[in-house]
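Written below as structure tokens is the structure these notes are about.
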Amino acid sequence: MSGPAQTGTVRHANKRGAARLAAVQALYQMDVAGSGVFETTAEYEAFRLGKEVDGALYREADAQWFRAILTGVVENQKTIDPVIRQALTDDWPLSRLDSTLRAILRAGVYELMKREDVPVAVIVSEYVDIAKAFYEEDEPKLVNAVLDRVSRRVRGEGRGKDAS
């Protein structure tokens, strides 16, 4: 029986979820403020992850996972953005998406492309949940659709059928 392992796994997943949310926020900040990956990583690790900021408590996050997503997106952005563009419809170019949505999609696509140790369903549901934290309208559906298309293309997994 694997009772303690299950408890550890749930906690581990919560810390990864918090790391994903923090990474999206950091990517947004870098996009809007033009700050670099090293200064942003240092700021989040020193002042945000697991800390209280302006009365809001940031959940404890897996700092290693946070760093991996942040640096992974930055290092692979030239390959990530075209993959996102292909998954978007022609009337929704990547440049038309707001910075938060771009950050969510970039982080999700990075994980789909580079973290084959994480199941597609986990990645898609985590980033859809992050989208729901920021948006109430169609954006979470867009995140779901784009990540599903990308997962079919890069991993051969997804809910729909791939025509190619």
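Lettering and numbering for the structure tokens are positional, with chains as A, B, ... in the shown order, residues counted from 1 in each chain, and ligands counted from 1 in the shown order.
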
Find the residues around A:Asp138 up to 12 Å (only C-alpha atoms counted), leave out those fewer than 6 positions away in its own chain, and share them as a VMD selection string. chain A and resid 101 128 131 to 132 144 to 145

Chain A: residues DSSP assigns to helix (DSSP H, G or I), reported as a PyMOL selection string: chain A and resi 3-33+37-47+63-87+94-96+99-114+120-134+139-155

Please provide the set of residues having any atom within 10 Å of stretch 75-78 of chain A, restricted to only C-alpha atoms, with same-chain residues fewer than 5 positions apart removed, written as an NGL selection string. :A and (37 or 69-70 or 83 or 106-107 or 109-110 or 113-114)

Using the selection just defined, write its residues with C-alpha atoms as a tab-separated table (two decimals), in the first residue's frame.
chain	number	residue	atom	x	y	z
A	37	VAL	CA	15.03	36.08	-16.38
A	69	ILE	CA	9.60	26.67	-16.47
A	70	LEU	CA	10.87	30.25	-16.47
A	83	VAL	CA	4.09	26.16	-32.19
A	106	ARG	CA	4.13	29.68	-23.44
A	107	ALA	CA	4.52	27.91	-20.09
A	109	VAL	CA	3.62	24.59	-24.46
A	110	TYR	CA	7.09	24.51	-22.89
A	113	MET	CA	7.42	20.03	-25.54
A	114	LYS	CA	10.15	19.52	-22.94

Kindly indicate which residue among A:Ile104, A:Leu88, A:Ala61, A:Ala23 lies nearest to A:Phe134, using only C-alpha atoms for the distances. A:Ile104

Let me make sure I understand: among A:Arg155, A:Arg149, A:Arg67, A:Arg20, which one has the smallest atom-to-atom distance to A:Thr89 if we use only C-alpha atoms? A:Arg149

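Between A:Asp62 and the candidates A:Arg16, A:Lys141, A:Arg48, A:Arg102, the tightest atom-to-atom separation, counting only C-alpha atoms, involves A:Arg16.
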
Just checking: using only C-alpha atoms, which residue out of A:Ala103, A:Leu147, A:Ala42, A:Ala18 ends up closest to A:Ile123? A:Leu147

Measuring atom to atom with only C-alpha atoms, identify which of A:Gly108, A:Gly72, A:Gly36, A:Pro82 is nearest to A:Gly17. A:Gly108
